[in-house]
>>> print(open('entry-v3.cif').read())   # mmCIF, C-alpha atoms
data_data
#
loop_
_atom_site.group_PDB
_atom_site.id
_atom_site.type_symbol
_atom_site.label_atom_id
_atom_site.label_comp_id
_atom_site.auth_asym_id
_atom_site.auth_seq_id
_atom_site.Cartn_x
_atom_site.Cartn_y
_atom_site.Cartn_z
ATOM 1 C CA MET A 1 12.028 -30.005 46.660
ATOM 2 C CA THR A 2 11.220 -28.041 49.800
ATOM 3 C CA ALA A 3 14.177 -27.082 52.013
ATOM 4 C CA ILE A 4 12.259 -25.100 54.652
ATOM 5 C CA GLN A 5 8.647 -25.747 55.617
ATOM 6 C CA VAL A 6 6.822 -23.646 58.213
ATOM 7 C CA THR A 7 3.231 -24.543 59.083
ATOM 8 C CA GLY A 8 1.215 -22.584 61.640
ATOM 9 C CA LEU A 9 4.317 -21.469 63.561
ATOM 10 C CA SER A 10 3.646 -19.521 66.734
ATOM 11 C CA LYS A 11 6.068 -18.373 69.417
ATOM 12 C CA SER A 12 5.573 -16.336 72.571
ATOM 13 C CA HIS A 13 8.023 -14.629 74.914
ATOM 14 C CA GLN A 14 6.383 -14.617 78.330
ATOM 15 C CA ALA A 15 3.033 -12.870 77.673
ATOM 16 C CA PHE A 16 4.052 -11.421 74.297
ATOM 17 C CA GLU A 17 3.112 -13.399 71.180
ATOM 18 C CA ALA A 18 5.933 -12.627 68.742
ATOM 19 C CA VAL A 19 4.833 -15.001 65.953
ATOM 20 C CA LYS A 20 1.181 -15.830 65.373
ATOM 21 C CA GLY A 21 0.572 -18.921 63.265
ATOM 22 C CA ILE A 22 2.597 -18.170 60.129
ATOM 23 C CA SER A 23 3.148 -20.565 57.219
ATOM 24 C CA PHE A 24 5.533 -20.489 54.254
ATOM 25 C CA GLU A 25 7.873 -22.718 52.256
ATOM 26 C CA VAL A 26 11.293 -22.211 50.718
ATOM 27 C CA ALA A 27 12.425 -24.378 47.810
ATOM 28 C CA GLU A 28 15.913 -25.838 47.544
ATOM 29 C CA GLY A 29 18.344 -23.347 46.013
ATOM 30 C CA GLU A 30 15.916 -20.448 46.443
ATOM 31 C CA ILE A 31 16.659 -17.044 47.972
ATOM 32 C CA PHE A 32 13.677 -16.153 50.167
ATOM 33 C CA ALA A 33 13.290 -12.733 51.794
ATOM 34 C CA LEU A 34 11.495 -12.474 55.133
ATOM 35 C CA LEU A 35 10.677 -8.796 55.550
ATOM 36 C CA GLY A 36 9.026 -6.423 57.999
ATOM 37 C CA ARG A 37 9.730 -3.586 60.372
ATOM 38 C CA ASN A 38 11.532 -4.007 63.701
ATOM 39 C CA GLY A 39 9.488 -6.158 66.067
ATOM 40 C CA ALA A 40 7.536 -7.860 63.283
ATOM 41 C CA GLY A 41 8.721 -11.333 64.353
ATOM 42 C CA LYS A 42 11.403 -11.960 61.737
ATOM 43 C CA THR A 43 14.325 -12.619 64.058
ATOM 44 C CA THR A 44 12.240 -14.884 66.306
ATOM 45 C CA THR A 45 11.230 -16.875 63.225
ATOM 46 C CA VAL A 46 14.860 -17.208 62.108
ATOM 47 C CA GLU A 47 15.946 -18.311 65.586
ATOM 48 C CA VAL A 48 13.283 -21.038 65.582
ATOM 49 C CA LEU A 49 14.365 -22.177 62.125
ATOM 50 C CA ALA A 50 17.992 -22.252 63.250
ATOM 51 C CA GLY A 51 17.123 -24.337 66.317
ATOM 52 C CA PHE A 52 17.946 -21.704 68.935
ATOM 53 C CA GLN A 53 14.342 -21.642 70.143
ATOM 54 C CA ARG A 54 11.640 -24.311 70.261
ATOM 55 C CA ALA A 55 8.465 -23.605 68.274
ATOM 56 C CA GLY A 56 5.584 -22.706 70.577
ATOM 57 C CA GLY A 57 3.017 -24.119 68.167
ATOM 58 C CA GLY A 58 2.822 -25.477 64.646
ATOM 59 C CA THR A 59 5.586 -27.373 62.885
ATOM 60 C CA VAL A 60 8.909 -26.341 61.394
ATOM 61 C CA ARG A 61 11.145 -28.483 59.204
ATOM 62 C CA VAL A 62 14.549 -27.638 57.746
ATOM 63 C CA LEU A 63 15.912 -30.223 55.314
ATOM 64 C CA GLY A 64 13.182 -32.506 56.638
ATOM 65 C CA LEU A 65 14.357 -32.262 60.259
ATOM 66 C CA ASP A 66 13.016 -30.541 63.366
ATOM 67 C CA PRO A 67 15.584 -27.757 63.881
ATOM 68 C CA TYR A 68 15.279 -27.844 67.684
ATOM 69 C CA ALA A 69 15.086 -31.602 68.303
ATOM 70 C CA ASP A 70 17.625 -32.393 65.571
ATOM 71 C CA ARG A 71 19.861 -29.374 66.076
ATOM 72 C CA ALA A 72 23.073 -31.388 66.285
ATOM 73 C CA ALA A 73 22.399 -33.072 62.939
ATOM 74 C CA LEU A 74 21.356 -29.818 61.273
ATOM 75 C CA ARG A 75 24.272 -27.813 62.599
ATOM 76 C CA ARG A 76 26.584 -29.536 60.112
ATOM 77 C CA ARG A 77 24.273 -28.676 57.206
ATOM 78 C CA THR A 78 23.283 -25.084 57.980
ATOM 79 C CA GLY A 79 24.962 -21.728 58.471
ATOM 80 C CA ILE A 80 23.656 -18.638 60.206
ATOM 81 C CA MET A 81 24.630 -14.992 60.271
ATOM 82 C CA LEU A 82 22.859 -13.289 63.173
ATOM 83 C CA GLN A 83 22.479 -9.541 63.663
ATOM 84 C CA GLU A 84 25.034 -9.611 66.476
ATOM 85 C CA ALA A 85 27.854 -12.100 66.853
ATOM 86 C CA GLY A 86 30.334 -12.407 69.699
ATOM 87 C CA PHE A 87 33.988 -12.056 68.710
ATOM 88 C CA PHE A 88 37.179 -12.025 70.742
ATOM 89 C CA PRO A 89 38.358 -8.461 70.051
ATOM 90 C CA ASP A 90 42.069 -9.186 70.492
ATOM 91 C CA LEU A 91 42.177 -12.017 67.951
ATOM 92 C CA THR A 92 43.021 -11.228 64.355
ATOM 93 C CA VAL A 93 40.587 -11.955 61.556
ATOM 94 C CA ALA A 94 42.626 -15.010 60.519
ATOM 95 C CA GLN A 95 42.808 -16.295 64.100
ATOM 96 C CA THR A 96 39.053 -15.892 64.465
ATOM 97 C CA VAL A 97 38.411 -17.942 61.343
ATOM 98 C CA ASP A 98 40.896 -20.615 62.486
ATOM 99 C CA THR A 99 39.138 -20.827 65.862
ATOM 100 C CA TRP A 100 35.763 -21.359 64.233
ATOM 101 C CA ARG A 101 37.252 -23.898 61.819
ATOM 102 C CA ASP A 102 38.182 -26.053 64.825
ATOM 103 C CA PHE A 103 34.472 -26.422 65.627
ATOM 104 C CA THR A 104 33.289 -26.934 62.022
ATOM 105 C CA ALA A 105 33.080 -30.278 60.257
ATOM 106 C CA ALA A 106 35.016 -30.328 56.959
ATOM 107 C CA PRO A 107 35.467 -26.540 56.911
ATOM 108 C CA ARG A 108 36.515 -24.440 53.972
ATOM 109 C CA PRO A 109 40.185 -23.409 53.967
ATOM 110 C CA ARG A 110 40.710 -20.161 55.841
ATOM 111 C CA ASP A 111 41.901 -18.263 52.756
ATOM 112 C CA GLU A 112 38.859 -19.352 50.779
ATOM 113 C CA ALA A 113 36.480 -18.135 53.488
ATOM 114 C CA LEU A 114 38.273 -14.787 53.751
ATOM 115 C CA ASP A 115 38.251 -14.354 49.988
ATOM 116 C CA LEU A 116 34.511 -15.026 49.786
ATOM 117 C CA ALA A 117 33.871 -12.343 52.384
ATOM 118 C CA GLY A 118 36.319 -9.846 50.889
ATOM 119 C CA LEU A 119 38.581 -9.868 53.947
ATOM 120 C CA THR A 120 41.827 -11.235 52.544
ATOM 121 C CA GLY A 121 43.577 -7.905 53.047
ATOM 122 C CA ARG A 122 42.420 -7.717 56.669
ATOM 123 C CA ALA A 123 43.571 -11.188 57.769
ATOM 124 C CA GLY A 124 46.170 -9.831 60.192
ATOM 125 C CA THR A 125 43.945 -7.109 61.646
ATOM 126 C CA GLN A 126 42.573 -7.408 65.161
ATOM 127 C CA VAL A 127 38.801 -7.712 65.293
ATOM 128 C CA ARG A 128 38.570 -4.629 67.510
ATOM 129 C CA GLN A 129 40.017 -2.562 64.648
ATOM 130 C CA LEU A 130 37.396 -3.634 62.103
ATOM 131 C CA SER A 131 34.605 -1.329 61.015
ATOM 132 C CA GLY A 132 30.996 -2.375 61.580
ATOM 133 C CA GLY A 133 30.673 -3.430 57.951
ATOM 134 C CA GLU A 134 33.899 -5.458 58.106
ATOM 135 C CA LYS A 135 32.608 -7.286 61.179
ATOM 136 C CA ARG A 136 29.478 -8.208 59.194
ATOM 137 C CA ARG A 137 31.725 -9.595 56.472
ATOM 138 C CA LEU A 138 33.588 -11.631 59.095
ATOM 139 C CA ASP A 139 30.197 -12.936 60.270
ATOM 140 C CA LEU A 140 29.553 -14.022 56.688
ATOM 141 C CA ALA A 141 32.914 -15.789 56.409
ATOM 142 C CA LEU A 142 32.147 -17.790 59.547
ATOM 143 C CA ALA A 143 28.629 -18.656 58.377
ATOM 144 C CA LEU A 144 30.051 -20.069 55.142
ATOM 145 C CA LEU A 145 32.811 -22.167 56.700
ATOM 146 C CA GLY A 146 30.818 -25.407 56.701
ATOM 147 C CA ARG A 147 29.539 -25.117 53.101
ATOM 148 C CA PRO A 148 25.935 -24.987 54.355
ATOM 149 C CA GLU A 149 23.023 -26.436 52.434
ATOM 150 C CA VAL A 150 20.751 -23.859 54.103
ATOM 151 C CA LEU A 151 22.003 -20.403 55.036
ATOM 152 C CA PHE A 152 20.184 -17.947 57.322
ATOM 153 C CA LEU A 153 21.197 -14.310 56.831
ATOM 154 C CA ASP A 154 19.764 -11.830 59.356
ATOM 155 C CA GLU A 155 20.480 -8.265 58.138
ATOM 156 C CA PRO A 156 23.675 -9.425 56.402
ATOM 157 C CA THR A 157 24.803 -6.109 54.901
ATOM 158 C CA ALA A 158 23.962 -3.732 57.765
ATOM 159 C CA GLY A 159 26.804 -1.245 58.157
ATOM 160 C CA MET A 160 28.494 -2.156 54.870
ATOM 161 C CA ASP A 161 29.499 0.471 52.344
ATOM 162 C CA PRO A 162 27.841 0.243 48.893
ATOM 163 C CA GLU A 163 30.798 -1.581 47.302
ATOM 164 C CA ALA A 164 30.933 -4.231 50.035
ATOM 165 C CA ARG A 165 27.145 -4.607 49.936
ATOM 166 C CA ARG A 166 27.150 -5.340 46.212
ATOM 167 C CA ALA A 167 30.071 -7.742 46.584
ATOM 168 C CA THR A 168 28.071 -9.576 49.251
ATOM 169 C CA TRP A 169 25.087 -9.725 46.889
ATOM 170 C CA ASP A 170 27.333 -11.434 44.337
ATOM 171 C CA VAL A 171 28.414 -14.000 46.934
ATOM 172 C CA VAL A 172 24.782 -14.715 47.878
ATOM 173 C CA ARG A 173 23.760 -15.129 44.226
ATOM 174 C CA ASP A 174 26.691 -17.474 43.566
ATOM 175 C CA LEU A 175 25.808 -19.603 46.588
ATOM 176 C CA ALA A 176 22.202 -19.926 45.449
ATOM 177 C CA GLY A 177 23.420 -20.786 41.961
ATOM 178 C CA GLN A 178 25.388 -23.660 43.508
ATOM 179 C CA GLY A 179 22.241 -24.968 45.239
ATOM 180 C CA THR A 180 22.392 -23.328 48.669
ATOM 181 C CA THR A 181 18.986 -22.379 50.066
ATOM 182 C CA ILE A 182 19.060 -18.879 51.573
ATOM 183 C CA LEU A 183 16.590 -17.224 53.920
ATOM 184 C CA LEU A 184 17.315 -13.514 54.147
ATOM 185 C CA THR A 185 16.017 -10.762 56.396
ATOM 186 C CA THR A 186 16.889 -7.181 55.533
ATOM 187 C CA HIS A 187 15.663 -3.618 55.895
ATOM 188 C CA TYR A 188 17.219 -2.748 52.525
ATOM 189 C CA LEU A 189 14.256 -3.255 50.204
ATOM 190 C CA GLU A 190 16.435 -2.892 47.103
ATOM 191 C CA GLU A 191 18.584 -5.746 48.434
ATOM 192 C CA ALA A 192 15.568 -8.014 48.863
ATOM 193 C CA GLN A 193 14.164 -7.123 45.460
ATOM 194 C CA ARG A 194 17.480 -7.744 43.691
ATOM 195 C CA LEU A 195 18.293 -11.027 45.414
ATOM 196 C CA ALA A 196 15.113 -12.879 46.333
ATOM 197 C CA SER A 197 12.834 -14.845 44.042
ATOM 198 C CA ALA A 198 10.145 -15.155 46.728
ATOM 199 C CA MET A 199 9.232 -13.261 49.872
ATOM 200 C CA ALA A 200 6.921 -12.882 52.846
ATOM 201 C CA ILE A 201 6.243 -9.648 54.720
ATOM 202 C CA MET A 202 5.539 -9.877 58.439
ATOM 203 C CA ASP A 203 3.792 -7.339 60.636
ATOM 204 C CA GLU A 204 3.001 -7.834 64.327
ATOM 205 C CA GLY A 205 3.709 -11.553 64.101
ATOM 206 C CA VAL A 206 1.622 -12.391 61.033
ATOM 207 C CA ILE A 207 2.345 -12.589 57.310
ATOM 208 C CA VAL A 208 0.535 -9.770 55.519
ATOM 209 C CA ALA A 209 1.848 -10.410 51.990
ATOM 210 C CA SER A 210 3.730 -13.268 50.327
ATOM 211 C CA GLY A 211 4.498 -14.888 47.002
ATOM 212 C CA GLY A 212 6.978 -14.851 44.156
ATOM 213 C CA MET A 213 8.837 -11.535 44.033
ATOM 214 C CA ALA A 214 8.361 -10.806 40.337
ATOM 215 C CA GLU A 215 4.779 -12.075 40.236
ATOM 216 C CA THR A 216 3.732 -10.132 43.332
ATOM 217 C CA LEU A 217 5.192 -6.861 42.099
ATOM 218 C CA ALA A 218 3.803 -7.366 38.585
ATOM 219 C CA THR A 219 0.254 -7.401 39.954
ATOM 220 C CA ARG A 220 0.777 -3.942 41.433
ATOM 221 C CA GLY A 221 1.469 -2.171 38.146
ATOM 222 C CA GLY A 222 3.714 0.867 38.278
ATOM 223 C CA ARG A 223 3.830 4.615 37.909
ATOM 224 C CA VAL A 224 4.666 7.389 35.471
ATOM 225 C CA ALA A 225 5.850 10.744 36.819
ATOM 226 C CA PHE A 226 6.771 14.006 35.088
ATOM 227 C CA VAL A 227 6.880 17.748 35.678
ATOM 228 C CA LEU A 228 3.352 19.061 35.200
ATOM 229 C CA PRO A 229 3.544 21.554 32.282
ATOM 230 C CA ALA A 230 2.731 25.153 33.119
ATOM 231 C CA GLY A 231 -0.934 25.975 32.692
ATOM 232 C CA VAL A 232 -2.009 22.313 32.641
ATOM 233 C CA ASP A 233 -4.500 21.152 35.243
ATOM 234 C CA PRO A 234 -4.155 17.517 36.403
ATOM 235 C CA GLY A 235 -7.763 16.997 35.302
ATOM 236 C CA ASP A 236 -6.697 17.779 31.712
ATOM 237 C CA LEU A 237 -4.459 14.708 31.553
ATOM 238 C CA PRO A 238 -5.727 11.604 29.727
ATOM 239 C CA MET A 239 -5.603 9.531 32.933
ATOM 240 C CA PRO A 240 -6.016 10.142 36.670
ATOM 241 C CA ALA A 241 -3.034 11.805 38.334
ATOM 242 C CA THR A 242 -1.946 13.237 41.651
ATOM 243 C CA VAL A 243 0.472 16.134 42.060
ATOM 244 C CA GLU A 244 3.482 15.654 44.320
ATOM 245 C CA GLY A 245 5.949 18.543 44.547
ATOM 246 C CA GLY A 246 5.118 19.898 41.089
ATOM 247 C CA HIS A 247 5.234 16.422 39.502
ATOM 248 C CA ALA A 248 2.199 14.655 38.105
ATOM 249 C CA VAL A 249 2.104 11.000 39.153
ATOM 250 C CA CYS A 250 -0.053 8.480 37.297
ATOM 251 C CA HIS A 251 -0.458 4.931 38.614
ATOM 252 C CA ALA A 252 -1.134 2.290 35.975
ATOM 253 C CA GLU A 253 -1.186 -1.492 35.528
ATOM 254 C CA ASP A 254 1.034 -1.075 32.454
ATOM 255 C CA PRO A 255 3.315 1.939 33.046
ATOM 256 C CA ASP A 256 4.960 1.658 29.604
ATOM 257 C CA LEU A 257 1.588 1.882 27.850
ATOM 258 C CA ALA A 258 0.580 4.750 30.132
ATOM 259 C CA ALA A 259 3.757 6.638 29.208
ATOM 260 C CA GLN A 260 3.051 6.187 25.499
ATOM 261 C CA THR A 261 -0.479 7.533 25.984
ATOM 262 C CA LEU A 262 0.807 10.570 27.874
ATOM 263 C CA LEU A 263 3.532 11.309 25.324
ATOM 264 C CA THR A 264 1.038 11.114 22.458
ATOM 265 C CA TRP A 265 -1.342 13.427 24.331
ATOM 266 C CA ALA A 266 1.486 15.911 25.002
ATOM 267 C CA ALA A 267 2.746 15.847 21.409
ATOM 268 C CA GLU A 268 -0.720 16.630 20.052
ATOM 269 C CA ARG A 269 -0.728 19.768 22.222
ATOM 270 C CA GLY A 270 2.867 20.814 21.666
ATOM 271 C CA LEU A 271 3.786 20.105 25.280
ATOM 272 C CA ARG A 272 6.946 18.602 26.751
ATOM 273 C CA LEU A 273 6.818 16.186 29.676
ATOM 274 C CA ALA A 274 10.066 17.110 31.414
ATOM 275 C CA GLY A 275 11.662 14.655 33.829
ATOM 276 C CA LEU A 276 9.558 11.743 32.570
ATOM 277 C CA GLU A 277 10.088 8.684 34.762
ATOM 278 C CA VAL A 278 8.543 5.277 34.055
ATOM 279 C CA ARG A 279 8.864 2.792 36.891
ATOM 280 C CA ALA A 280 7.520 -0.660 37.631
ATOM 281 C CA ALA A 281 6.222 -1.352 41.129
ATOM 282 C CA THR A 282 8.852 -1.782 43.849
ATOM 283 C CA LEU A 283 8.867 -3.392 47.255
ATOM 284 C CA GLU A 284 8.696 0.097 48.740
ATOM 285 C CA ASP A 285 5.393 0.677 46.920
ATOM 286 C CA LEU A 286 4.096 -2.620 48.274
ATOM 287 C CA PHE A 287 5.139 -1.781 51.840
ATOM 288 C CA LEU A 288 3.490 1.629 51.736
ATOM 289 C CA ASP A 289 0.229 0.163 50.446
ATOM 290 C CA LEU A 290 -0.058 -2.535 53.094
ATOM 291 C CA PRO A 291 -2.471 -2.175 56.029
ATOM 292 C CA GLY A 292 -0.792 -0.246 58.830
ATOM 293 C CA ARG A 293 1.874 1.049 56.382
ATOM 294 C CA VAL A 294 4.417 -1.651 57.237
ATOM 295 C CA ARG A 295 7.947 -0.309 56.983
#
>>> encode(input="entry-v3.cif", output="structure tokens")
Amino acid sequence: MTAIQVTGLSKSHQAFEAVKGISFEVAEGEIFALLGRNGAGKTTTVEVLAGFQRAGGGTVRVLGLDPYADRAALRRRTGIMLQEAGFFPDLTVAQTVDTWRDFTAAPRPRDEALDLAGLTGRAGTQVRQLSGGEKRRLDLALALLGRPEVLFLDEPTAGMDPEARRATWDVVRDLAGQGTTILLTTHYLEEAQRLASAMAIMDEGVIVASGGMAETLATRGGRVAFVLPAGVDPGDLPMPATVEGGHAVCHAEDPDLAAQTLLTWAAERGLRLAGLEVRAATLEDLFLDLPGRVR
């Protein structure tokens, strides 16, 4: 079933049109990545979906409800982690969670929320003493208090160290495995590629690419790179190649087959392809190939 449905959504701020008639759907229990550079319209879209702003045009439904008109009903069924949250700096982490629990229907126990966010050891620490990454983890704990059916995560791991980021990925995967629908925005393309099963890329208010993550990347092939042997001209290779910093780079629909062809060609000539790297297409490749070089 569909948890989030966006059809022809548009939204303007004064004379600036931030979102220009976009459409996409997110299935129940799916992790969906909404991507794009700063100013692409991602945060505006999330704020409309969360009910903070009214859609300027088109229709938006979350769990079958209008998120603006039915905000009170949806609030109990959704969670949101915005890029910036307001905390009381003198409260401890535990006190902050307890305060939010007072405004949450059937909230998780405080210790459970802190454990999910990896903050158990910081329960007695004042918020002002937290690092930027720890504050993001506190944001996550608060977003999960109400056991949301739909969770909006806007740059959830910004400022986190690599260990905390990967721990957060595990939490997100577990939530999706339990049926939570997650819409994620992030500038970490590896994060989106590892977590999301579907995605849409926005640029200047429109969607410029969308689809299943694996299927979309599979259509873009991959690349094989290696140190170009001394005395070998790129035109001598058995397939087209460019030279980047002394490395030959061959783009191919099937990079594994391309690597086998190159290795056979090299063996027949007694050559060694040092530093051979075989890589499927990544989100970074897709971004760089899009019109306007979205990034």
>>> closest_atom_pairs(input="entry-v3.cif", of="region 99-156 of chain A", to="region 86-93 of chain A", cutoff="8 Å", atoms="all atoms listed in the file", output="Markdown table")
| residue | atom | partner | partner_atom | distance |
| --- | --- | --- | --- | --- |
| A:Arg122 | CA | A:Val93 | CA | 6.7 |
| A:Ala123 | CA | A:Val93 | CA | 4.9 |
| A:Gly124 | CA | A:Thr92 | CA | 5.4 |
| A:Thr125 | CA | A:Thr92 | CA | 5.0 |
| A:Gln126 | CA | A:Thr92 | CA | 3.9 |
| A:Val127 | CA | A:Pro89 | CA | 4.8 |
| A:Arg128 | CA | A:Pro89 | CA | 4.6 |
| A:Leu138 | CA | A:Val93 | CA | 7.4 |
>>> closest_residue(input="entry-v3.cif", among="A:Val97, A:Leu130, A:Ala15, A:Leu74", to="Leu114 (chain A)", atoms="all atoms listed in the file")
A:Val97
>>> resolve_selection(input="entry-v3.cif", expression="the PyMOL selection byres ((chain A and resi 243-247) around 6)", output="PyMOL selection string")
chain A and resi 226-228+242+248
>>> resolve_selection(input="entry-v3.cif", expression="the PyMOL selection byres ((chain A and resi 179-194) around 9)", output="PyMOL selection string")
chain A and resi 3-4+26-38+42-43+46+147-158+165-166+169+172+174-178+195-197+199+213-214+282-284+295
>>> resolve_selection(input="entry-v3.cif", expression="the PyMOL selection byres ((chain A and resi 210) around 6)", output="PDB file with C-alpha atoms, in the coordinates of the input")
ATOM      1  CA  MET A 199       9.232 -13.261  49.872  1.00  0.00           C
ATOM      2  CA  ALA A 200       6.921 -12.882  52.846  1.00  0.00           C
ATOM      3  CA  ALA A 209       1.848 -10.410  51.990  1.00  0.00           C
ATOM      4  CA  GLY A 211       4.498 -14.888  47.002  1.00  0.00           C
TER       5      GLY A 211
END
>>> atom_distance(input="entry-v3.cif", atom1="CA of Ala106 (chain A)", atom2="CA of Val171 (chain A)")
20.3 Å
>>> atom_distance(input="entry-v3.cif", atom1="CA of Pro238 (chain A)", atom2="CA of Ala258 (chain A)")
9.3 Å
>>> residues_around(input="entry-v3.cif", residues="Leu116 (chain A)", least_positions_apart="2", cutoff="9 Å", atoms="all atoms listed in the file", output="PyMOL selection string")
chain A and resi 111-114+118-120+140-141+144+168+171
>>> residues_around(input="entry-v3.cif", residues="Gly146 (chain A)", least_positions_apart="5", cutoff="7 Å", atoms="all atoms listed in the file", output="ChimeraX atom specification")
/A:76,104-108
>>> closest_residue(input="entry-v3.cif", among="A:Gly205, A:Gly121, A:Gly132, A:Gly270", to="Phe16 (chain A)", atoms="all atoms listed in the file")
A:Gly205
>>> axis_aligned_box(input="entry-v3.cif", around="region 248-265 of chain A", padding_each_side="5 Å", output="AutoDock Vina command-line options")
--center_x 1.8 --center_y 6.6 --center_z 30.8 --size_x 16.3 --size_y 26.1 --size_z 26.7
>>> atom_distance(input="entry-v3.cif", atom1="CA of Gln53 (chain A)", atom2="CA of Leu65 (chain A)")
14.5 Å
>>> residues_around(input="entry-v3.cif", residues="Ala252 (chain A)", least_positions_apart="4", cutoff="9 Å", atoms="all atoms listed in the file", output="JSON, numbers by chain")
{"A": [220, 221, 222, 223, 224, 256, 257, 258]}
>>> closest_residue(input="entry-v3.cif", among="A:Val208, A:Thr99, A:Ala266, A:Phe52", to="Leu290 (chain A)", atoms="all atoms listed in the file")
A:Val208
>>> decode(input="entry-v3.cif", residues="region 98-104 of chain A", atoms="all heavy atoms", output="PDB file, in the first residue's frame")
ATOM      1  N   ASP A  98      12.129  13.508  28.632  1.00  0.00           N
ATOM      2  CA  ASP A  98      10.943  13.472  29.508  1.00  0.00           C
ATOM      3  C   ASP A  98       9.966  14.599  29.161  1.00  0.00           C
ATOM      4  O   ASP A  98       8.737  14.404  29.187  1.00  0.00           O
ATOM      5  CB  ASP A  98      11.372  13.589  30.968  1.00  0.00           C
ATOM      6  CG  ASP A  98      11.988  12.303  31.499  1.00  0.00           C
ATOM      7  OD1 ASP A  98      11.774  11.242  30.872  1.00  0.00           O
ATOM      8  OD2 ASP A  98      12.701  12.361  32.519  1.00  0.00           O
ATOM      9  N   THR A  99      10.506  15.765  28.821  1.00  0.00           N
ATOM     10  CA  THR A  99       9.641  16.896  28.452  1.00  0.00           C
ATOM     11  C   THR A  99       8.860  16.580  27.187  1.00  0.00           C
ATOM     12  O   THR A  99       7.644  16.836  27.112  1.00  0.00           O
ATOM     13  CB  THR A  99      10.487  18.165  28.247  1.00  0.00           C
ATOM     14  OG1 THR A  99      11.153  18.491  29.477  1.00  0.00           O
ATOM     15  CG2 THR A  99       9.614  19.339  27.819  1.00  0.00           C
ATOM     16  N   TRP A 100       9.530  16.022  26.211  1.00  0.00           N
ATOM     17  CA  TRP A 100       8.853  15.676  24.956  1.00  0.00           C
ATOM     18  C   TRP A 100       7.869  14.533  25.156  1.00  0.00           C
ATOM     19  O   TRP A 100       6.835  14.475  24.494  1.00  0.00           O
ATOM     20  CB  TRP A 100       9.892  15.308  23.887  1.00  0.00           C
ATOM     21  CG  TRP A 100      10.527  16.498  23.244  1.00  0.00           C
ATOM     22  CD1 TRP A 100      11.392  17.384  23.820  1.00  0.00           C
ATOM     23  CD2 TRP A 100      10.332  16.957  21.898  1.00  0.00           C
ATOM     24  NE1 TRP A 100      11.759  18.345  22.916  1.00  0.00           N
ATOM     25  CE2 TRP A 100      11.119  18.110  21.728  1.00  0.00           C
ATOM     26  CE3 TRP A 100       9.582  16.498  20.828  1.00  0.00           C
ATOM     27  CZ2 TRP A 100      11.176  18.821  20.539  1.00  0.00           C
ATOM     28  CZ3 TRP A 100       9.634  17.198  19.631  1.00  0.00           C
ATOM     29  CH2 TRP A 100      10.417  18.346  19.496  1.00  0.00           C
ATOM     30  N   ARG A 101       8.167  13.625  26.086  1.00  0.00           N
ATOM     31  CA  ARG A 101       7.258  12.511  26.346  1.00  0.00           C
ATOM     32  C   ARG A 101       5.912  13.023  26.859  1.00  0.00           C
ATOM     33  O   ARG A 101       4.866  12.431  26.587  1.00  0.00           O
ATOM     34  CB  ARG A 101       7.862  11.535  27.356  1.00  0.00           C
ATOM     35  CG  ARG A 101       9.031  10.736  26.815  1.00  0.00           C
ATOM     36  CD  ARG A 101       9.546   9.704  27.837  1.00  0.00           C
ATOM     37  NE  ARG A 101       8.659   8.542  27.888  1.00  0.00           N
ATOM     38  CZ  ARG A 101       7.870   8.250  28.897  1.00  0.00           C
ATOM     39  NH1 ARG A 101       7.818   9.050  29.969  1.00  0.00           N
ATOM     40  NH2 ARG A 101       7.108   7.180  28.868  1.00  0.00           N
ATOM     41  N   ASP A 102       5.943  14.140  27.595  1.00  0.00           N
ATOM     42  CA  ASP A 102       4.700  14.709  28.128  1.00  0.00           C
ATOM     43  C   ASP A 102       3.748  15.161  27.028  1.00  0.00           C
ATOM     44  O   ASP A 102       2.541  15.276  27.261  1.00  0.00           O
ATOM     45  CB  ASP A 102       5.016  15.899  29.041  1.00  0.00           C
ATOM     46  CG  ASP A 102       5.672  15.472  30.345  1.00  0.00           C
ATOM     47  OD1 ASP A 102       5.555  14.287  30.716  1.00  0.00           O
ATOM     48  OD2 ASP A 102       6.328  16.325  30.987  1.00  0.00           O
ATOM     49  N   PHE A 103       4.290  15.422  25.835  1.00  0.00           N
ATOM     50  CA  PHE A 103       3.454  15.904  24.727  1.00  0.00           C
ATOM     51  C   PHE A 103       3.238  14.830  23.661  1.00  0.00           C
ATOM     52  O   PHE A 103       2.749  15.126  22.567  1.00  0.00           O
ATOM     53  CB  PHE A 103       4.104  17.136  24.081  1.00  0.00           C
ATOM     54  CG  PHE A 103       4.227  18.306  25.001  1.00  0.00           C
ATOM     55  CD1 PHE A 103       5.418  18.563  25.662  1.00  0.00           C
ATOM     56  CD2 PHE A 103       3.146  19.139  25.243  1.00  0.00           C
ATOM     57  CE1 PHE A 103       5.542  19.642  26.529  1.00  0.00           C
ATOM     58  CE2 PHE A 103       3.251  20.215  26.114  1.00  0.00           C
ATOM     59  CZ  PHE A 103       4.456  20.468  26.755  1.00  0.00           C
ATOM     60  N   THR A 104       3.627  13.583  23.967  1.00  0.00           N
ATOM     61  CA  THR A 104       3.552  12.491  22.996  1.00  0.00           C
ATOM     62  C   THR A 104       2.582  11.433  23.493  1.00  0.00           C
ATOM     63  O   THR A 104       2.666  10.989  24.645  1.00  0.00           O
ATOM     64  CB  THR A 104       4.945  11.854  22.779  1.00  0.00           C
ATOM     65  OG1 THR A 104       5.865  12.869  22.370  1.00  0.00           O
ATOM     66  CG2 THR A 104       4.883  10.760  21.722  1.00  0.00           C
TER      67      THR A 104
END
